[in-house]
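Here's the structure, in structure tokens; my notes come after.
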Amino acid sequence: MTDELDGMYDTFRALLDSFPPAEAVKRLEQFGIPPETVQQIRERHEQRTIRIKELEEPHAVILGNRDTWYTGPQAKDKCWPAVVAQLRKDGWPENPAIRSLDDSSTRVVSLLNHPKEKEFSTRGLVVGYVQSGKTTNFTSVMAKAADRGYKLFIVLAGIHNGLRRQTQARLVQQLVEPNPSLWFQLTGLDKDFTPQENPASYFGKSNRTHVLCVVKKNAAVLRKLAKWLEKASTYLEDCPALIIDDEADQATVATKSINPLILNIMSHLPRSAYVGYTASPFANLLIDPSAEDLYPKDFVVNLPQPAGHFGTEVLFGRYALDGEDPEQVDDGYDMIRSVPEDDVPAVRPGTRADVEGFEPYITDTLREAIEYFWLVTAARRVRRTGNPHNTMLIHTSVNTAVHNSFKRPLEFLRRRAKQSLGSSDYLAGLRSLWDAETKRVPAEEFGETKVAFEELVPQLPEVLDSCRVIMDNSSSEDRLDYENGPVVAIAVGGNTLSRGLTLEGLSVSYFVRSVSAYDTLLQMGRWFGFRNGYADLPRTWMTDELAEWFRHLATVETEMRRDIDIYMTEDETPQTFAVRLRTHPALRVTAAAKMRDAVVAASSYGGKRVQTRYFHTNAEWLRANADAARTLVAAALSSTHRVEERAADGRYVFRDVPHELVLDFLADYKFHTKSPENDAELIGNYIRKRVSAGSLGRWNVAIVGNPAGNHRDFTFVPHVTVGLNNRARLAVANPDPDFADIKTLMSRRDAAVDLAGDTGKLTEKEITEERRKQLPDTGLLVLYPIDKVSEPDPSKKLRAPLGAEEHVIGVGLVFPKPENDDSVQSYISADLSNVRADIEEEDYSLVDGEDA
């Protein structure tokens, strides 16, 4: 009976190629199959759809009642097996890489409409990571959709020819060449879309080939495509189409030229699914969901980070989120090198007026980065593993004239280095650089073996001979080309190298580009991706400010993905959830036009912890804050009769302190300007609002010291003395003598210092709930006296002594979570207020022309 049922189920799956599930079941009944057997087939299909829906990865937020008709590849498939064969040839391991790709692409296809549905217009978004294999994922989705009957495939591949050509080449290699009789290409490697003579020959019912079209997001090109599809409208009623928008946040959202053209193309396709792919979905998640636009109303899929991928958090670390133990949040790899602010004018003109006649100067940090690149290239030749190419990126400006000005000094540096290889002093300098770098990032931690300097030296002459300096920008003819043998290149460029395009074998980056938005900043970082065979060797040189921005961005990314995961478990849909995007005082989330429909998210201080992370280290600033803390403690001591002294723990708690004293303290204590969440005025206004509503009138003020104290104490007032805490700062190569970033101040235990009972093992969420039960209307302010020396634990390689001129006072604020609360401007999200079942265009200088 089992074999017979298996055969019947195979028949049912074959029917699914021609009919949606409900119709396929009716066909079984028409064949005279017994009702009990039909029911068993339905149950088996349901079990398979449940498996797809409940995959551990990827997570997805879905509009309800979407049929999961697709349950995975079949033995008769042609396109997906060809993709797998190519990946195996390229060295992809079966588990976890191919299995994870199979699961994630199956999940996306399962969220598309069945190709035989009479009419549909789907909107979805797939969120990945920069340089993490998004192209391979959407290629797999296209292959599986083609195997099930989708016919027309339009890929919107960025705004530059380089990315469009690279995408076309990948799709031809993995989809077309293995099955040439199944595909027809409307575009080629060197030609974007041009109208064809007879649309009927491509879309007529007698033609069962799949049609591939890879185009730039260029107004002239998309206009031609829209007009051609309009002429073919008679034949498109029976043409299921899949539109893949690569880099979906670029040029698609809030552009007067491109956005309407994409919508126009979809209007000519009665059966179409639009799926955007991006690693920086900030703009896409801020579209007005109620508008006739490309908001991902049907699904948002959160791709997992692949094993071995170098992402923002891995390289830069991030800050702790609510509910996390700060001690468990990593600082990132020690691969970021500091470029002093004084170096920036030497490699980037200050204003547009300074561009003409600009001559870059090879600073010590730039020379060090270049020499390290040559050493890495030599080391990789010794290892003979991984990607055969070796690339360095220099990105200082968007201006092509600035790029071109680097040619002469870089070529001079290469020639001089080649002449100096016979100099013992020069080689000694290279040895010192190599030993220092390999000591800071031991190869063994990445499963590699350090290459001895003596092994590198014989490789260096050939490395320098083969190294090319390439200006890759919109006006240059000399472009990076990885198709004709191994490349060793120092690539100087801007926007053409900053999005989508893969820089093969990228190991060293020098980046001081001025950037103003999250998505732009994230896409500029080409150093993300896979580094098989040389995971210990990548380095990035940038200013400390840029490094902090990337660390903030890593926090935003993690929080955004966590929101998506949380909404998935809460049965939200894309039209009832709004991902919060944490803001930054020096950066926009995305272009202003793309944020026009955004609203301040419903995020408040209620249920939150606020803590100081950044400090000045000069004596005057620190003494003023110490005076503010002493004044608060003295006032708290005199205003309350409830004082708890816990000498063994180095802690004091002053209970029922009037809120006026907290407000006075906030007026006197100075937060560092780099702490946007520590805005004394915003916090003060929030407290006043809550007081007027009958809450936060009384506070508990705690002092958390170190019971060991290292024999160093801090006295607030007579008889209130605690040991000094140790908080080392994050290490940077060229530290500002008046700035320290300690990353995290409070522990979860500290946030419960005034709660009764055993709170030591409670999670952050449980502590929040416990506070709501015990002290629903009482705030908590915690003072931390910090040792001005604060030597780091020897195991913390990315930490340095605090080095302040006076002891530091850190501050933590814990707010109870009320039933109703007012929001504060710390997050933005999409506006869902108009959801019930044109804007100013961003400056894309290349999307309206004939070529880009």
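Ligands are numbered from 1 in the order shown, residues from 1 within each chain, and chains are lettered A, B, ... in the order they appear in the structure tokens.
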Q: From a DSSP calculation on the backbone, collect every residue of stretch 588-800 of chain A in strand (DSSP E or B) and output the set as a ChimeraX atom specification.
A: /A:588,598-600,609-611,614-615,643-646,651-658,698-704,713-717,720-723,725,729-730,740-741,778-786,799-800
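Residue neighbourhood of A:Arg348, excluding near-sequence residues (fewer than 4 positions): Val344, Thr396 and Ser397 of chain A, at 7 Å, using only C-alpha atoms.
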Go through stretch 17-38 of chain A residue by residue and, counting only C-alpha atoms, keep those with an atom at most 10 Å from stretch 68-89 of chain A; for each kept residue give the shortest atom pair and its distance in Å to one decimal, ordered by chain and increasing number, as JSON lines.
```
{"residue": "A:Asp17", "atom": "CA", "partner": "A:Tyr70", "partner_atom": "CA", "distance": 9.8}
{"residue": "A:Phe19", "atom": "CA", "partner": "A:Trp69", "partner_atom": "CA", "distance": 9.9}
{"residue": "A:Pro20", "atom": "CA", "partner": "A:Trp69", "partner_atom": "CA", "distance": 7.1}
{"residue": "A:Pro21", "atom": "CA", "partner": "A:Trp69", "partner_atom": "CA", "distance": 6.3}
{"residue": "A:Ala22", "atom": "CA", "partner": "A:Trp69", "partner_atom": "CA", "distance": 9.6}
```
Surrounding residues of A:Asp245 excluding itself and chain neighbours under 6 positions, 10 Å, only C-alpha atoms, as a tab-separated table (two decimals) with N, CA, C and O atoms, in the first residue's frame:
```tsv
chain	number	residue	atom	x	y	z
A	125	LEU	N	10.54	40.53	-0.12
A	125	LEU	CA	11.87	41.05	0.13
A	125	LEU	C	12.71	39.96	0.80
A	125	LEU	O	12.24	39.30	1.72
A	126	VAL	N	13.93	39.78	0.32
A	126	VAL	CA	14.87	38.84	0.92
A	126	VAL	C	16.05	39.64	1.46
A	126	VAL	O	16.71	40.36	0.70
A	138	PHE	N	19.40	33.92	-5.32
A	138	PHE	CA	18.32	34.21	-6.27
A	138	PHE	C	18.48	33.41	-7.56
A	138	PHE	O	17.49	33.12	-8.24
A	154	ILE	N	13.14	38.44	-15.19
A	154	ILE	CA	13.76	39.76	-15.36
A	154	ILE	C	14.60	40.03	-14.12
A	154	ILE	O	14.09	40.02	-12.99
A	155	VAL	N	15.88	40.26	-14.30
A	155	VAL	CA	16.77	40.57	-13.19
A	155	VAL	C	17.21	42.02	-13.32
A	155	VAL	O	17.82	42.40	-14.33
A	156	LEU	N	16.88	42.83	-12.33
A	156	LEU	CA	17.31	44.23	-12.28
A	156	LEU	C	18.64	44.26	-11.53
A	156	LEU	O	18.68	44.10	-10.32
A	157	ALA	N	19.72	44.47	-12.27
A	157	ALA	CA	21.06	44.26	-11.72
A	157	ALA	C	21.79	45.58	-11.51
A	157	ALA	O	22.74	45.91	-12.22
A	158	GLY	N	21.35	46.35	-10.53
A	158	GLY	CA	22.07	47.57	-10.16
A	158	GLY	C	22.00	48.64	-11.23
A	158	GLY	O	21.19	48.59	-12.15
A	215	VAL	N	18.91	43.40	-16.82
A	215	VAL	CA	18.98	44.81	-17.21
A	215	VAL	C	19.43	45.68	-16.04
A	215	VAL	O	19.26	45.33	-14.88
A	216	LYS	N	20.02	46.81	-16.40
A	216	LYS	CA	20.35	47.82	-15.39
A	216	LYS	C	19.08	48.56	-14.99
A	216	LYS	O	18.12	48.63	-15.75
A	217	LYS	N	19.14	49.16	-13.80
A	217	LYS	CA	18.05	50.06	-13.40
A	217	LYS	C	18.35	51.42	-14.00
A	217	LYS	O	18.79	52.35	-13.33
A	252	THR	N	15.54	51.87	-6.70
A	252	THR	CA	14.16	51.38	-6.79
A	252	THR	C	13.21	52.24	-5.97
A	252	THR	O	12.12	52.59	-6.43
A	262	ILE	N	9.41	50.32	-13.02
A	262	ILE	CA	9.30	48.95	-12.52
A	262	ILE	C	7.83	48.58	-12.33
A	262	ILE	O	7.38	47.50	-12.72
A	274	TYR	N	7.43	40.03	-7.72
A	274	TYR	CA	8.59	40.91	-7.54
A	274	TYR	C	9.26	40.54	-6.22
A	274	TYR	O	8.63	40.55	-5.16
A	275	VAL	N	10.55	40.18	-6.28
A	275	VAL	CA	11.30	39.83	-5.08
A	275	VAL	C	12.58	40.68	-5.04
A	275	VAL	O	13.43	40.56	-5.92
A	276	GLY	N	12.65	41.54	-4.04
A	276	GLY	CA	13.85	42.36	-3.88
A	276	GLY	C	14.89	41.63	-3.03
A	276	GLY	O	14.54	40.95	-2.06
A	277	TYR	N	16.13	41.78	-3.41
A	277	TYR	CA	17.25	41.22	-2.64
A	277	TYR	C	18.16	42.37	-2.22
A	277	TYR	O	18.54	43.20	-3.05
A	278	THR	N	18.50	42.42	-0.95
A	278	THR	CA	19.41	43.46	-0.50
A	278	THR	C	20.00	43.09	0.86
A	278	THR	O	19.39	42.33	1.62
```
Q.
Please determine, counting only C-alpha atoms, which residue among A:Leu63, A:Ala273, A:Val398, A:Ala24 has the shortest atom-to-atom distance to A:Asn113.
A. A:Ala273
Q: Taking the chain letters and numbering used in this document, name the residues of stretch 221-350 of chain A that DSSP puts in alpha helix (DSSP H), as a ChimeraX atom specification.
A: /A:221-231,258-267,312-316,344-347
Grab the residues selected above and save them as a compact mmCIF listing (two decimals), in the first residue's frame with N, CA, C and O atoms.
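The result, written out as out-v4.txt:
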```txt
# COMPACT_ATOMS: atom_id res chain seq x y z
N VAL A 221 16.68 52.11 -20.57
CA VAL A 221 16.58 50.67 -20.80
C VAL A 221 15.23 50.14 -20.34
O VAL A 221 14.56 49.38 -21.05
N LEU A 222 14.81 50.52 -19.14
CA LEU A 222 13.54 50.02 -18.61
C LEU A 222 12.36 50.53 -19.42
O LEU A 222 11.34 49.84 -19.56
N ARG A 223 12.48 51.72 -19.97
CA ARG A 223 11.40 52.25 -20.82
C ARG A 223 11.22 51.38 -22.06
O ARG A 223 10.10 51.06 -22.47
N LYS A 224 12.35 50.99 -22.67
CA LYS A 224 12.29 50.11 -23.85
C LYS A 224 11.65 48.77 -23.49
O LYS A 224 10.82 48.24 -24.24
N LEU A 225 12.05 48.23 -22.35
CA LEU A 225 11.51 46.94 -21.94
C LEU A 225 10.01 47.03 -21.68
O LEU A 225 9.24 46.15 -22.08
N ALA A 226 9.58 48.11 -21.02
CA ALA A 226 8.15 48.28 -20.72
C ALA A 226 7.33 48.38 -22.01
O ALA A 226 6.26 47.78 -22.13
N LYS A 227 7.84 49.15 -22.98
CA LYS A 227 7.12 49.30 -24.25
C LYS A 227 7.04 47.98 -25.00
O LYS A 227 6.01 47.64 -25.60
N TRP A 228 8.12 47.22 -24.97
CA TRP A 228 8.14 45.93 -25.67
C TRP A 228 7.15 44.96 -25.03
O TRP A 228 6.43 44.24 -25.71
N LEU A 229 7.11 44.95 -23.70
CA LEU A 229 6.16 44.08 -23.00
C LEU A 229 4.72 44.51 -23.26
O LEU A 229 3.81 43.67 -23.35
N GLU A 230 4.52 45.82 -23.39
CA GLU A 230 3.18 46.30 -23.69
C GLU A 230 2.72 45.77 -25.04
O GLU A 230 1.56 45.36 -25.21
N LYS A 231 3.64 45.73 -26.03
CA LYS A 231 3.29 45.19 -27.34
C LYS A 231 2.99 43.70 -27.27
O LYS A 231 2.23 43.15 -28.05
N ILE A 258 12.87 55.54 -12.00
CA ILE A 258 12.97 54.09 -11.98
C ILE A 258 11.75 53.43 -11.34
O ILE A 258 11.19 52.47 -11.87
N ASN A 259 11.31 53.94 -10.21
CA ASN A 259 10.22 53.30 -9.48
C ASN A 259 8.96 53.15 -10.33
O ASN A 259 8.41 52.04 -10.43
N PRO A 260 8.48 54.19 -11.00
CA PRO A 260 7.28 54.02 -11.83
C PRO A 260 7.49 53.05 -12.99
O PRO A 260 6.55 52.36 -13.40
N LEU A 261 8.72 52.99 -13.51
CA LEU A 261 8.98 52.09 -14.64
C LEU A 261 8.92 50.62 -14.21
O LEU A 261 8.42 49.77 -14.95
N ILE A 262 9.41 50.32 -13.02
CA ILE A 262 9.30 48.95 -12.52
C ILE A 262 7.83 48.58 -12.33
O ILE A 262 7.38 47.50 -12.72
N LEU A 263 7.06 49.52 -11.76
CA LEU A 263 5.63 49.27 -11.58
C LEU A 263 4.92 49.15 -12.92
O LEU A 263 3.99 48.34 -13.08
N ASN A 264 5.37 49.92 -13.91
CA ASN A 264 4.78 49.85 -15.25
C ASN A 264 5.05 48.48 -15.88
O ASN A 264 4.17 47.88 -16.50
N ILE A 265 6.28 47.99 -15.73
CA ILE A 265 6.62 46.66 -16.26
C ILE A 265 5.73 45.60 -15.63
O ILE A 265 5.20 44.72 -16.31
N MET A 266 5.53 45.70 -14.32
CA MET A 266 4.69 44.72 -13.64
C MET A 266 3.23 44.82 -14.10
O MET A 266 2.52 43.80 -14.12
N SER A 267 2.80 46.00 -14.47
CA SER A 267 1.40 46.17 -14.90
C SER A 267 1.12 45.42 -16.19
O SER A 267 -0.04 45.12 -16.50
N THR A 312 29.60 42.57 9.13
CA THR A 312 29.88 43.79 9.90
C THR A 312 30.22 43.48 11.34
O THR A 312 31.21 43.98 11.89
N GLU A 313 29.41 42.63 11.97
CA GLU A 313 29.61 42.34 13.39
C GLU A 313 30.91 41.58 13.63
O GLU A 313 31.62 41.83 14.60
N VAL A 314 31.24 40.66 12.73
CA VAL A 314 32.47 39.86 12.88
C VAL A 314 33.69 40.76 12.86
O VAL A 314 34.65 40.56 13.62
N LEU A 315 33.68 41.77 12.01
CA LEU A 315 34.85 42.63 11.86
C LEU A 315 34.89 43.78 12.86
O LEU A 315 35.97 44.15 13.33
N PHE A 316 33.74 44.35 13.17
CA PHE A 316 33.72 45.58 13.96
C PHE A 316 33.16 45.39 15.37
O PHE A 316 33.26 46.31 16.19
N VAL A 344 43.77 62.27 6.41
CA VAL A 344 42.68 62.31 5.43
C VAL A 344 42.89 63.38 4.36
O VAL A 344 42.70 63.10 3.17
N PRO A 345 43.29 64.61 4.70
CA PRO A 345 43.48 65.61 3.64
C PRO A 345 44.54 65.22 2.62
O PRO A 345 44.53 65.74 1.49
N ALA A 346 45.43 64.30 2.97
CA ALA A 346 46.47 63.87 2.04
C ALA A 346 45.94 62.94 0.96
O ALA A 346 46.55 62.80 -0.10
N VAL A 347 44.79 62.29 1.23
CA VAL A 347 44.26 61.31 0.28
C VAL A 347 42.88 61.68 -0.25
O VAL A 347 42.35 60.99 -1.12
```
(Q) Residues within 6 Å of stretch 718-726 of chain A, please, as number ranges by chain. Count only C-alpha atoms; anything in the same chain fewer than 5 positions from it doesn't count. (A) A: 650, 705-707, 709, 712-713, 785-787, 790
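Taking atom CA of A:Asn137 and atom CA of A:Pro281 as the two end points, the separation is 16.6 Å.
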(Q) If we count only C-alpha atoms and set the cut-off at 12 Å, which residues sit around A:Val732, ignoring sequence neighbours fewer than 4 positions away in its own chain? Please answer as an NGL selection string. (A) :A and (316 or 334-340 or 541-545 or 547-548 or 736-737 or 739-742 or 797-802)
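The gap separating atom CA of A:Met471 from atom CA of A:Arg352 is 19.7 Å, in Å to one decimal.
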Q) In Å, with one decimal, what is the gap from atom CA of A:Thr49 to atom CA of A:Pro304? A) 20.3 Å
Q) What lies within 12 Å of A:Leu111 using only C-alpha atoms, ignoring chain neighbours under 2 positions off, as an MDAnalysis selection string? A) chainID A and resid 49 52:53 60:71 104:109 113:115 122:126 141 145 273:275 296:301
